[in-house]
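Peer 1: Pasting protein_12.pdb below, which is PDB, C-alpha atoms.
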```
MODEL        1
ATOM      1  CA  MET U   1       5.620  53.877 327.754  1.00  0.00           C
ATOM      2  CA  VAL U   2       4.915  52.568 324.243  1.00  0.00           C
ATOM      3  CA  PHE U   3       4.890  48.824 323.630  1.00  0.00           C
ATOM      4  CA  ILE U   4       5.614  47.414 320.197  1.00  0.00           C
ATOM      5  CA  THR U   5       3.575  44.363 319.246  1.00  0.00           C
ATOM      6  CA  GLY U   6       4.141  41.907 316.435  1.00  0.00           C
ATOM      7  CA  MET U   7       2.113  41.577 313.274  1.00  0.00           C
ATOM      8  CA  LYS U   8       0.642  38.483 311.659  1.00  0.00           C
ATOM      9  CA  LYS U   9      -1.342  37.686 308.561  1.00  0.00           C
ATOM     10  CA  TRP U  10      -5.098  38.031 309.013  1.00  0.00           C
ATOM     11  CA  VAL U  11      -6.366  34.453 308.734  1.00  0.00           C
ATOM     12  CA  THR U  12      -5.104  33.265 305.318  1.00  0.00           C
ATOM     13  CA  SER U  13      -5.024  36.642 303.590  1.00  0.00           C
ATOM     14  CA  ASN U  14      -2.151  39.032 302.921  1.00  0.00           C
ATOM     15  CA  TYR U  15      -3.684  41.594 305.263  1.00  0.00           C
ATOM     16  CA  HIS U  16      -2.019  41.946 308.651  1.00  0.00           C
ATOM     17  CA  TYR U  17      -3.132  42.735 312.193  1.00  0.00           C
ATOM     18  CA  MET U  18      -1.343  43.823 315.344  1.00  0.00           C
ATOM     19  CA  VAL U  19      -1.200  40.849 317.684  1.00  0.00           C
ATOM     20  CA  PRO U  20      -2.754  41.436 321.152  1.00  0.00           C
ATOM     21  CA  GLU U  21      -0.432  40.255 323.925  1.00  0.00           C
ATOM     22  CA  VAL U  22      -1.687  38.851 327.208  1.00  0.00           C
ATOM     23  CA  ASP U  23       0.495  38.676 330.317  1.00  0.00           C
ATOM     24  CA  GLU U  24       0.173  38.742 334.107  1.00  0.00           C
ATOM     25  CA  SER U  25      -0.790  42.430 334.093  1.00  0.00           C
ATOM     26  CA  LEU U  26      -4.260  41.645 332.702  1.00  0.00           C
ATOM     27  CA  SER U  27      -6.896  41.995 335.394  1.00  0.00           C
ATOM     28  CA  ALA U  28     -10.579  42.907 335.279  1.00  0.00           C
ATOM     29  CA  LEU U  29     -11.742  44.002 331.842  1.00  0.00           C
ATOM     30  CA  SER U  30     -13.511  47.350 331.525  1.00  0.00           C
ATOM     31  CA  PRO U  31     -13.566  48.217 327.811  1.00  0.00           C
ATOM     32  CA  ASP U  32     -14.805  51.582 326.595  1.00  0.00           C
ATOM     33  CA  PHE U  33     -17.216  51.112 323.689  1.00  0.00           C
ATOM     34  CA  SER U  34     -18.391  54.733 323.577  1.00  0.00           C
ATOM     35  CA  SER U  35     -16.812  55.569 320.202  1.00  0.00           C
ATOM     36  CA  TYR U  36     -18.136  52.300 318.771  1.00  0.00           C
ATOM     37  CA  PHE U  37     -21.690  53.110 319.825  1.00  0.00           C
ATOM     38  CA  GLU U  38     -21.337  56.638 318.483  1.00  0.00           C
ATOM     39  CA  ALA U  39     -20.505  55.070 315.114  1.00  0.00           C
ATOM     40  CA  ILE U  40     -23.491  52.732 315.439  1.00  0.00           C
ATOM     41  CA  GLN U  41     -25.813  55.665 316.100  1.00  0.00           C
ATOM     42  CA  ARG U  42     -24.457  57.530 313.081  1.00  0.00           C
ATOM     43  CA  GLY U  43     -25.089  54.452 310.990  1.00  0.00           C
ATOM     44  CA  ILE U  44     -28.650  54.149 312.280  1.00  0.00           C
ATOM     45  CA  CYS U  45     -29.296  57.844 311.562  1.00  0.00           C
ATOM     46  CA  ARG U  46     -28.125  57.455 307.976  1.00  0.00           C
ATOM     47  CA  LEU U  47     -29.289  53.936 307.128  1.00  0.00           C
ATOM     48  CA  GLY U  48     -32.168  53.275 309.484  1.00  0.00           C
ATOM     49  CA  ASP U  49     -32.947  49.583 309.905  1.00  0.00           C
ATOM     50  CA  LYS U  50     -30.332  48.711 307.250  1.00  0.00           C
ATOM     51  CA  ALA U  51     -27.549  49.531 309.723  1.00  0.00           C
ATOM     52  CA  VAL U  52     -25.807  46.311 310.811  1.00  0.00           C
ATOM     53  CA  PRO U  53     -23.196  46.363 313.611  1.00  0.00           C
ATOM     54  CA  VAL U  54     -20.209  44.049 313.200  1.00  0.00           C
ATOM     55  CA  VAL U  55     -18.503  42.415 316.176  1.00  0.00           C
ATOM     56  CA  ILE U  56     -15.390  40.262 316.051  1.00  0.00           C
ATOM     57  CA  GLY U  57     -16.304  37.076 317.898  1.00  0.00           C
ATOM     58  CA  PRO U  58     -14.844  36.130 321.286  1.00  0.00           C
ATOM     59  CA  VAL U  59     -13.229  32.895 320.127  1.00  0.00           C
ATOM     60  CA  SER U  60     -11.402  34.676 317.313  1.00  0.00           C
ATOM     61  CA  MET U  61     -10.266  37.349 319.762  1.00  0.00           C
ATOM     62  CA  VAL U  62      -8.828  34.687 322.061  1.00  0.00           C
ATOM     63  CA  ARG U  63      -7.272  32.694 319.218  1.00  0.00           C
ATOM     64  CA  PHE U  64      -5.481  35.746 317.796  1.00  0.00           C
ATOM     65  CA  CYS U  65      -3.885  36.675 321.133  1.00  0.00           C
ATOM     66  CA  ASN U  66      -0.281  35.941 321.987  1.00  0.00           C
ATOM     67  CA  PHE U  67       0.100  34.639 325.545  1.00  0.00           C
ATOM     68  CA  LYS U  68       3.205  35.534 327.529  1.00  0.00           C
ATOM     69  CA  LEU U  69       2.622  33.326 330.566  1.00  0.00           C
ATOM     70  CA  ALA U  70       4.225  29.924 331.072  1.00  0.00           C
ATOM     71  CA  ALA U  71       0.939  28.010 331.373  1.00  0.00           C
ATOM     72  CA  ALA U  72      -0.403  25.943 328.486  1.00  0.00           C
ATOM     73  CA  THR U  73      -1.925  28.048 325.722  1.00  0.00           C
ATOM     74  CA  ASP U  74      -5.241  26.166 325.770  1.00  0.00           C
ATOM     75  CA  VAL U  75      -5.621  26.838 329.498  1.00  0.00           C
ATOM     76  CA  GLN U  76      -4.888  30.530 329.020  1.00  0.00           C
ATOM     77  CA  ARG U  77      -7.371  30.757 326.165  1.00  0.00           C
ATOM     78  CA  PHE U  78     -10.121  29.299 328.335  1.00  0.00           C
ATOM     79  CA  ALA U  79      -9.274  31.696 331.168  1.00  0.00           C
ATOM     80  CA  LEU U  80      -9.282  34.727 328.876  1.00  0.00           C
ATOM     81  CA  LEU U  81     -12.524  33.670 327.215  1.00  0.00           C
ATOM     82  CA  GLU U  82     -14.107  33.395 330.654  1.00  0.00           C
ATOM     83  CA  GLN U  83     -13.258  37.068 331.194  1.00  0.00           C
ATOM     84  CA  PHE U  84     -14.602  37.988 327.766  1.00  0.00           C
ATOM     85  CA  LEU U  85     -18.024  36.356 328.149  1.00  0.00           C
ATOM     86  CA  PRO U  86     -19.696  38.962 330.393  1.00  0.00           C
ATOM     87  CA  VAL U  87     -18.192  41.748 328.267  1.00  0.00           C
ATOM     88  CA  TYR U  88     -19.642  40.260 325.092  1.00  0.00           C
ATOM     89  CA  THR U  89     -22.975  39.502 326.723  1.00  0.00           C
ATOM     90  CA  GLU U  90     -23.338  43.130 327.798  1.00  0.00           C
ATOM     91  CA  LEU U  91     -22.092  44.476 324.455  1.00  0.00           C
ATOM     92  CA  LEU U  92     -24.551  42.414 322.427  1.00  0.00           C
ATOM     93  CA  SER U  93     -27.381  43.291 324.795  1.00  0.00           C
ATOM     94  CA  LYS U  94     -26.663  47.008 324.357  1.00  0.00           C
ATOM     95  CA  LEU U  95     -26.440  46.615 320.584  1.00  0.00           C
ATOM     96  CA  ALA U  96     -29.827  44.893 320.553  1.00  0.00           C
ATOM     97  CA  ALA U  97     -31.234  47.739 322.657  1.00  0.00           C
ATOM     98  CA  THR U  98     -30.341  50.236 319.894  1.00  0.00           C
ATOM     99  CA  GLY U  99     -33.081  48.657 317.795  1.00  0.00           C
ATOM    100  CA  VAL U 100     -30.899  47.215 315.031  1.00  0.00           C
ATOM    101  CA  LYS U 101     -32.483  44.264 313.287  1.00  0.00           C
ATOM    102  CA  GLU U 102     -29.284  42.285 312.827  1.00  0.00           C
ATOM    103  CA  ILE U 103     -25.853  41.907 314.418  1.00  0.00           C
ATOM    104  CA  GLN U 104     -23.009  40.277 312.529  1.00  0.00           C
ATOM    105  CA  ILE U 105     -20.617  38.222 314.643  1.00  0.00           C
ATOM    106  CA  HIS U 106     -17.440  37.475 312.715  1.00  0.00           C
ATOM    107  CA  GLU U 107     -15.630  34.294 313.721  1.00  0.00           C
ATOM    108  CA  PRO U 108     -12.937  33.896 311.044  1.00  0.00           C
ATOM    109  CA  VAL U 109     -11.105  31.235 313.070  1.00  0.00           C
ATOM    110  CA  LEU U 110     -13.863  28.807 312.101  1.00  0.00           C
ATOM    111  CA  VAL U 111     -11.771  28.174 308.988  1.00  0.00           C
ATOM    112  CA  PHE U 112      -8.911  26.781 311.060  1.00  0.00           C
ATOM    113  CA  ALA U 113      -8.849  23.005 311.436  1.00  0.00           C
ATOM    114  CA  GLU U 114      -8.049  23.238 315.148  1.00  0.00           C
ATOM    115  CA  THR U 115     -10.066  20.900 317.345  1.00  0.00           C
ATOM    116  CA  SER U 116      -8.876  22.820 320.424  1.00  0.00           C
ATOM    117  CA  LEU U 117     -11.196  25.677 319.404  1.00  0.00           C
ATOM    118  CA  SER U 118     -14.369  23.581 319.518  1.00  0.00           C
ATOM    119  CA  PRO U 119     -14.693  23.685 323.338  1.00  0.00           C
ATOM    120  CA  LEU U 120     -14.207  27.466 323.184  1.00  0.00           C
ATOM    121  CA  PHE U 121     -17.098  27.852 320.761  1.00  0.00           C
ATOM    122  CA  ALA U 122     -19.241  25.643 322.990  1.00  0.00           C
ATOM    123  CA  GLN U 123     -18.301  27.787 325.978  1.00  0.00           C
ATOM    124  CA  ALA U 124     -19.095  31.088 324.251  1.00  0.00           C
ATOM    125  CA  PHE U 125     -22.230  30.204 322.282  1.00  0.00           C
ATOM    126  CA  PRO U 126     -25.066  30.556 322.973  1.00  0.00           C
ATOM    127  CA  ALA U 127     -24.023  31.991 326.367  1.00  0.00           C
ATOM    128  CA  ILE U 128     -23.270  35.491 325.021  1.00  0.00           C
ATOM    129  CA  LEU U 129     -26.567  35.606 323.097  1.00  0.00           C
ATOM    130  CA  LYS U 130     -28.931  35.289 326.039  1.00  0.00           C
ATOM    131  CA  SER U 131     -29.964  38.968 326.127  1.00  0.00           C
ATOM    132  CA  ILE U 132     -30.413  39.897 322.470  1.00  0.00           C
ATOM    133  CA  GLY U 133     -34.188  39.552 322.348  1.00  0.00           C
ATOM    134  CA  ASN U 134     -35.496  39.290 318.796  1.00  0.00           C
ATOM    135  CA  THR U 135     -32.377  40.723 317.167  1.00  0.00           C
ATOM    136  CA  SER U 136     -31.169  38.483 314.350  1.00  0.00           C
ATOM    137  CA  ILE U 137     -27.649  37.065 314.591  1.00  0.00           C
ATOM    138  CA  ASN U 138     -25.564  36.554 311.463  1.00  0.00           C
ATOM    139  CA  MET U 139     -22.567  34.285 312.059  1.00  0.00           C
ATOM    140  CA  VAL U 140     -19.875  35.144 309.518  1.00  0.00           C
ATOM    141  CA  SER U 141     -16.679  33.416 308.468  1.00  0.00           C
ATOM    142  CA  PHE U 142     -14.409  34.063 305.498  1.00  0.00           C
ATOM    143  CA  PHE U 143     -11.215  33.371 303.504  1.00  0.00           C
ATOM    144  CA  GLU U 144     -11.899  29.605 303.384  1.00  0.00           C
ATOM    145  CA  ASP U 145     -14.566  27.008 304.114  1.00  0.00           C
ATOM    146  CA  VAL U 146     -15.215  26.175 307.765  1.00  0.00           C
ATOM    147  CA  GLY U 147     -14.785  22.418 307.478  1.00  0.00           C
ATOM    148  CA  GLU U 148     -17.321  19.708 308.178  1.00  0.00           C
ATOM    149  CA  GLU U 149     -17.314  19.757 311.982  1.00  0.00           C
ATOM    150  CA  ASN U 150     -17.541  23.536 312.290  1.00  0.00           C
ATOM    151  CA  TYR U 151     -20.251  23.588 309.626  1.00  0.00           C
ATOM    152  CA  LYS U 152     -22.318  21.101 311.637  1.00  0.00           C
ATOM    153  CA  TRP U 153     -21.871  23.271 314.721  1.00  0.00           C
ATOM    154  CA  LEU U 154     -22.873  26.435 312.875  1.00  0.00           C
ATOM    155  CA  VAL U 155     -26.067  25.053 311.375  1.00  0.00           C
ATOM    156  CA  GLY U 156     -26.955  23.604 314.788  1.00  0.00           C
ATOM    157  CA  LEU U 157     -26.663  26.965 316.553  1.00  0.00           C
ATOM    158  CA  LYS U 158     -30.350  27.807 316.779  1.00  0.00           C
ATOM    159  CA  GLU U 159     -29.732  31.409 317.840  1.00  0.00           C
ATOM    160  CA  ALA U 160     -28.048  32.143 314.504  1.00  0.00           C
ATOM    161  CA  LYS U 161     -30.666  33.154 311.952  1.00  0.00           C
ATOM    162  CA  THR U 162     -28.130  33.717 309.169  1.00  0.00           C
ATOM    163  CA  ILE U 163     -24.891  31.886 308.383  1.00  0.00           C
ATOM    164  CA  SER U 164     -22.497  33.624 305.999  1.00  0.00           C
ATOM    165  CA  LEU U 165     -19.777  31.561 304.325  1.00  0.00           C
ATOM    166  CA  ASP U 166     -16.990  32.124 301.820  1.00  0.00           C
ATOM    167  CA  PHE U 167     -17.811  30.794 298.358  1.00  0.00           C
ATOM    168  CA  THR U 168     -14.702  32.140 296.634  1.00  0.00           C
ATOM    169  CA  ARG U 169     -12.340  29.559 298.141  1.00  0.00           C
ATOM    170  CA  GLY U 170     -12.629  26.217 299.833  1.00  0.00           C
ATOM    171  CA  ASP U 171     -15.538  23.778 299.768  1.00  0.00           C
ATOM    172  CA  SER U 172     -18.542  25.651 301.169  1.00  0.00           C
ATOM    173  CA  LEU U 173     -20.839  24.570 298.337  1.00  0.00           C
ATOM    174  CA  PRO U 174     -19.842  20.874 298.548  1.00  0.00           C
ATOM    175  CA  LEU U 175     -20.399  21.046 302.322  1.00  0.00           C
ATOM    176  CA  ILE U 176     -23.940  22.333 301.808  1.00  0.00           C
ATOM    177  CA  LYS U 177     -24.655  19.718 299.162  1.00  0.00           C
ATOM    178  CA  LYS U 178     -23.382  16.956 301.427  1.00  0.00           C
ATOM    179  CA  LEU U 179     -24.832  18.062 304.770  1.00  0.00           C
ATOM    180  CA  GLY U 180     -27.778  20.228 303.724  1.00  0.00           C
ATOM    181  CA  PHE U 181     -28.799  23.644 305.015  1.00  0.00           C
ATOM    182  CA  PRO U 182     -31.580  24.383 307.546  1.00  0.00           C
ATOM    183  CA  GLN U 183     -34.778  25.762 306.052  1.00  0.00           C
ATOM    184  CA  ASP U 184     -35.237  28.091 309.024  1.00  0.00           C
ATOM    185  CA  LYS U 185     -31.924  29.894 308.402  1.00  0.00           C
ATOM    186  CA  THR U 186     -30.709  32.308 305.736  1.00  0.00           C
ATOM    187  CA  LEU U 187     -27.500  31.569 303.834  1.00  0.00           C
ATOM    188  CA  GLY U 188     -25.134  34.481 303.261  1.00  0.00           C
ATOM    189  CA  ALA U 189     -22.995  33.670 300.222  1.00  0.00           C
ATOM    190  CA  GLY U 190     -19.637  35.450 300.106  1.00  0.00           C
ATOM    191  CA  LEU U 191     -18.984  35.797 296.377  1.00  0.00           C
ATOM    192  CA  ILE U 192     -16.483  38.665 296.340  1.00  0.00           C
ATOM    193  CA  ASP U 193     -12.951  37.570 297.195  1.00  0.00           C
ATOM    194  CA  GLY U 194     -11.699  39.545 300.183  1.00  0.00           C
ATOM    195  CA  ARG U 195      -8.196  39.367 298.762  1.00  0.00           C
ATOM    196  CA  SER U 196      -9.172  41.257 295.588  1.00  0.00           C
ATOM    197  CA  VAL U 197     -12.442  43.076 296.206  1.00  0.00           C
ATOM    198  CA  TRP U 198     -11.979  45.230 293.099  1.00  0.00           C
ATOM    199  CA  LYS U 199     -12.263  42.283 290.703  1.00  0.00           C
ATOM    200  CA  VAL U 200     -15.286  40.011 290.273  1.00  0.00           C
ATOM    201  CA  ASP U 201     -15.479  37.482 287.439  1.00  0.00           C
ATOM    202  CA  PRO U 202     -19.124  36.854 286.414  1.00  0.00           C
ATOM    203  CA  ALA U 203     -18.026  33.602 284.759  1.00  0.00           C
ATOM    204  CA  VAL U 204     -17.061  32.345 288.225  1.00  0.00           C
ATOM    205  CA  VAL U 205     -19.813  33.947 290.325  1.00  0.00           C
ATOM    206  CA  ASN U 206     -22.868  33.229 288.173  1.00  0.00           C
ATOM    207  CA  PRO U 207     -22.546  29.400 288.203  1.00  0.00           C
ATOM    208  CA  ILE U 208     -22.289  29.468 292.000  1.00  0.00           C
ATOM    209  CA  LEU U 209     -25.441  31.580 292.217  1.00  0.00           C
ATOM    210  CA  ALA U 210     -27.199  29.220 289.824  1.00  0.00           C
ATOM    211  CA  GLU U 211     -26.459  26.243 292.082  1.00  0.00           C
TER     212      GLU U 211
ENDMDL
END
```
Please lay out the structure from this file as structure tokens.
Peer 2:
Amino acid sequence: MVFITGMKKWVTSNYHYMVPEVDESLSALSPDFSSYFEAIQRGICRLGDKAVPVVIGPVSMVRFCNFKLAAATDVQRFALLEQFLPVYTELLSKLAATGVKEIQIHEPVLVFAETSLSPLFAQAFPAILKSIGNTSINMVSFFEDVGEENYKWLVGLKEAKTISLDFTRGDSLPLIKKLGFPQDKTLGAGLIDGRSVWKVDPAVVNPILAE
């Protein structure tokens, strides 16, 4: 049987994604990451220590799901995240064991001004990072600024060695000027607009770099 799922815009872009649907049939999770790790190994063989795995974060995964049950959405998100946590913990541990120096965790939903997501972030982080050893974590968000509260949370996450923000839209630079940036972290500055990656205006990018 083939199920047709809906499509939604990816964050605030014009790209679209197929919406995962969660109903009563969901039981124990046993994902197969074999093809993903095969790709990681190919990357390591070609790029060496420059290979950087990318993982979509657990809170974004939960936020982008469509829930079919009658219970409140927030309750279902917490329950699903609880199932995700051991999966992510094991995945990140195995990625660290490959010897990569850095893992990018993409949490695009940080740009949403939804206070209901804050407890989910607190539940997931740093819990899923407990077995990564010395592997550097780069927390990435994009397509907008993350807002003041999420920015404070990000810079306070000690396990994140790098924080990558979007500087093409929103107020990432004013946030940094207002709240500062930790000296023990690296700032990743997103200067190429994900909506039009083929066009970069030096007149726009260079002043941002100068600041």
Peer 1: Would you write out, as JSON, numbers by chain, every residue that the PyMOL selection byres ((chain U and resi 192-206) around 12) captures in this file?
Peer 2: {"U": [10, 11, 12, 13, 14, 15, 16, 141, 142, 143, 144, 165, 166, 167, 168, 169, 170, 188, 189, 190, 191, 207, 208, 209, 210, 211]}
Peer 1: Point out the residue among U:Arg63, U:Ser118, U:Ala79, U:Asp32 with the least atom-to-atom distance to Leu91 of chain U, counting all atoms listed in the file.
Peer 2: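 Closest residue, counting all atoms listed in the file: U:Asp32.
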Peer 1: Evaluate the PyMOL selection byres ((chain U and resi 114) around 12) here and jot the selected residues down as an MDAnalysis selection string.
Peer 2: chainID U and resid 63 74 109:113 115:121 146:147 149:150
Peer 1: Only C-alpha atoms, please: the residues just picked out, written as a tab-separated table (two decimals), in the coordinates of the input.
Peer 2:
```tsv
chain	number	residue	atom	x	y	z
U	63	ARG	CA	-7.27	32.69	319.22
U	74	ASP	CA	-5.24	26.17	325.77
U	109	VAL	CA	-11.10	31.24	313.07
U	110	LEU	CA	-13.86	28.81	312.10
U	111	VAL	CA	-11.77	28.17	308.99
U	112	PHE	CA	-8.91	26.78	311.06
U	113	ALA	CA	-8.85	23.00	311.44
U	115	THR	CA	-10.07	20.90	317.35
U	116	SER	CA	-8.88	22.82	320.42
U	117	LEU	CA	-11.20	25.68	319.40
U	118	SER	CA	-14.37	23.58	319.52
U	119	PRO	CA	-14.69	23.68	323.34
U	120	LEU	CA	-14.21	27.47	323.18
U	121	PHE	CA	-17.10	27.85	320.76
U	146	VAL	CA	-15.22	26.18	307.76
U	147	GLY	CA	-14.78	22.42	307.48
U	149	GLU	CA	-17.31	19.76	311.98
U	150	ASN	CA	-17.54	23.54	312.29
```
Peer 1: List as a list in words the protein and nucleic acid residues near Leu81 of chain U, meaning an atom at most 8 Å away when all atoms listed in the file are counted, but skip any in the same chain fewer than 3 places from it.
Peer 2: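 Those residues are Pro58, Val59, Val62, Arg77, Phe78, Phe84, Leu85, Leu120 and Ala124 of chain U.
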Peer 1: For each of U:Leu157, U:Val140, U:Val75, U:Val87, take the minimum atom-to-atom distance to Ile103 of chain U, counting only C-alpha atoms, then give the residue where this is smallest.
Peer 2: U:Val140
Peer 1: Rank nothing, just name the residue among U:Val155, U:Leu95, U:Val22, U:Ala39 nearest to Phe67 of chain U, using only C-alpha atoms.
Peer 2: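 Checking each of U:Val155, U:Leu95, U:Val22, U:Ala39 against Phe67 of chain U, counting only C-alpha atoms, the winner is U:Val22.
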Peer 1: Go through U:Leu29, U:His106, U:Glu148, U:Ala122 and flag the residue nearest Ile163 of chain U, using all atoms listed in the file for the distances.
Peer 2: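 For Ile163 of chain U, the nearest of the candidates is U:His106.
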Peer 1: For the structure provided, state which residues fall under the PyMOL selection byres ((chain U and resi 33) around 12), and present them as a PyMOL selection string.
Peer 2: chain U and resi 30-32+34-40+55+87-88+90-92+94-95
Peer 1: Mind giving me the straight-line distance from atom CA of Lys8 of chain U to atom CA of Thr73 of chain U in Å, one decimal?
Peer 2: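 For atom CA of Lys8 of chain U relative to atom CA of Thr73 of chain U, the distance reads 17.7 Å.
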Peer 1: In the coordinates of the file, take the point (-24.7, 31.2, 311.8) and a cut-off of 6 Å; then, counting all atoms listed in the file, name each qualifying protein, DNA or RNA residue as a PyMOL selection string.
Peer 2: chain U and resi 138-139+154+160+162-163
Peer 1: With 4 Å of padding per side, what axis-aligned box (centre and edge lengths, Å, one decimal) covers all the listed atoms of segment 7-12 of chain U? Give it as AutoDock Vina command-line options.
Peer 2:
```
--center_x -2.1 --center_y 37.4 --center_z 309.3 --size_x 16.5 --size_y 16.3 --size_z 16.0
```
Peer 1: Quick one: pull the distance between atom CA of Lys9 of chain U and atom CA of Phe64 of chain U, Å, one decimal.
Peer 2: 10.3 Å
Peer 1: One decimal, Å: what's the distance from atom CA of Met61 of chain U over to atom CA of Glu21 of chain U, could you say?
Peer 2: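 One can read the atom CA of Met61 of chain U to atom CA of Glu21 of chain U distance as 11.1 Å.
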Peer 1: Go through U:Gly43, U:Ser93, U:Gly6, U:Gln83 and flag the residue nearest Thr135 of chain U, using only C-alpha atoms for the distances.
Peer 2: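 Looking at the shortest contact to Thr135 of chain U, the residue is U:Ser93.
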Peer 1: Reconstruct N, CA, C and O atoms of segment 172-187 of chain U from the incomplete input and present them as a JSON list (two decimals), in the coordinates of the input.
Peer 2:
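Saved to part_1.json:
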```
[["chain", "number", "residue", "atom", "x", "y", "z"],
["U", 172, "SER", "N", -17.27, 25.33, 300.52],
["U", 172, "SER", "CA", -18.54, 25.65, 301.17],
["U", 172, "SER", "C", -19.72, 25.03, 300.42],
["U", 172, "SER", "O", -20.63, 24.46, 301.04],
["U", 173, "LEU", "N", -19.72, 25.13, 299.10],
["U", 173, "LEU", "CA", -20.84, 24.57, 298.34],
["U", 173, "LEU", "C", -20.91, 23.05, 298.46],
["U", 173, "LEU", "O", -21.99, 22.50, 298.70],
["U", 174, "PRO", "N", -19.78, 22.33, 298.32],
["U", 174, "PRO", "CA", -19.84, 20.87, 298.55],
["U", 174, "PRO", "C", -20.31, 20.50, 299.96],
["U", 174, "PRO", "O", -21.01, 19.50, 300.14],
["U", 175, "LEU", "N", -19.94, 21.31, 300.96],
["U", 175, "LEU", "CA", -20.40, 21.05, 302.32],
["U", 175, "LEU", "C", -21.92, 21.13, 302.41],
["U", 175, "LEU", "O", -22.57, 20.29, 303.03],
["U", 176, "ILE", "N", -22.49, 22.16, 301.78],
["U", 176, "ILE", "CA", -23.94, 22.33, 301.81],
["U", 176, "ILE", "C", -24.63, 21.20, 301.06],
["U", 176, "ILE", "O", -25.66, 20.67, 301.51],
["U", 177, "LYS", "N", -24.06, 20.81, 299.93],
["U", 177, "LYS", "CA", -24.66, 19.72, 299.16],
["U", 177, "LYS", "C", -24.61, 18.41, 299.95],
["U", 177, "LYS", "O", -25.55, 17.60, 299.90],
["U", 178, "LYS", "N", -23.54, 18.20, 300.68],
["U", 178, "LYS", "CA", -23.38, 16.96, 301.43],
["U", 178, "LYS", "C", -24.22, 16.93, 302.70],
["U", 178, "LYS", "O", -24.87, 15.91, 303.00],
["U", 179, "LEU", "N", -24.22, 18.05, 303.44],
["U", 179, "LEU", "CA", -24.83, 18.06, 304.77],
["U", 179, "LEU", "C", -26.17, 18.80, 304.83],
["U", 179, "LEU", "O", -26.86, 18.75, 305.84],
["U", 180, "GLY", "N", -26.52, 19.49, 303.73],
["U", 180, "GLY", "CA", -27.78, 20.23, 303.72],
["U", 180, "GLY", "C", -27.67, 21.57, 304.43],
["U", 180, "GLY", "O", -26.64, 21.89, 305.04],
["U", 181, "PHE", "N", -28.76, 22.34, 304.35],
["U", 181, "PHE", "CA", -28.80, 23.64, 305.02],
["U", 181, "PHE", "C", -30.18, 23.83, 305.61],
["U", 181, "PHE", "O", -31.19, 23.55, 304.95],
["U", 182, "PRO", "N", -30.28, 24.28, 306.87],
["U", 182, "PRO", "CA", -31.58, 24.38, 307.55],
["U", 182, "PRO", "C", -32.54, 25.33, 306.83],
["U", 182, "PRO", "O", -32.15, 26.42, 306.40],
["U", 183, "GLN", "N", -33.78, 24.93, 306.71],
["U", 183, "GLN", "CA", -34.78, 25.76, 306.05],
["U", 183, "GLN", "C", -35.14, 26.99, 306.87],
["U", 183, "GLN", "O", -35.66, 27.96, 306.32],
["U", 184, "ASP", "N", -34.87, 26.96, 308.18],
["U", 184, "ASP", "CA", -35.24, 28.09, 309.02],
["U", 184, "ASP", "C", -34.11, 29.11, 309.16],
["U", 184, "ASP", "O", -34.19, 30.03, 309.98],
["U", 185, "LYS", "N", -33.03, 28.95, 308.38],
["U", 185, "LYS", "CA", -31.92, 29.89, 308.40],
["U", 185, "LYS", "C", -31.72, 30.50, 307.02],
["U", 185, "LYS", "O", -32.13, 29.94, 306.00],
["U", 186, "THR", "N", -31.06, 31.65, 306.99],
["U", 186, "THR", "CA", -30.71, 32.31, 305.74],
["U", 186, "THR", "C", -29.22, 32.09, 305.47],
["U", 186, "THR", "O", -28.40, 32.20, 306.38],
["U", 187, "LEU", "N", -28.89, 31.77, 304.23],
["U", 187, "LEU", "CA", -27.50, 31.57, 303.83],
["U", 187, "LEU", "C", -26.94, 32.85, 303.24],
["U", 187, "LEU", "O", -27.50, 33.39, 302.28]]
```
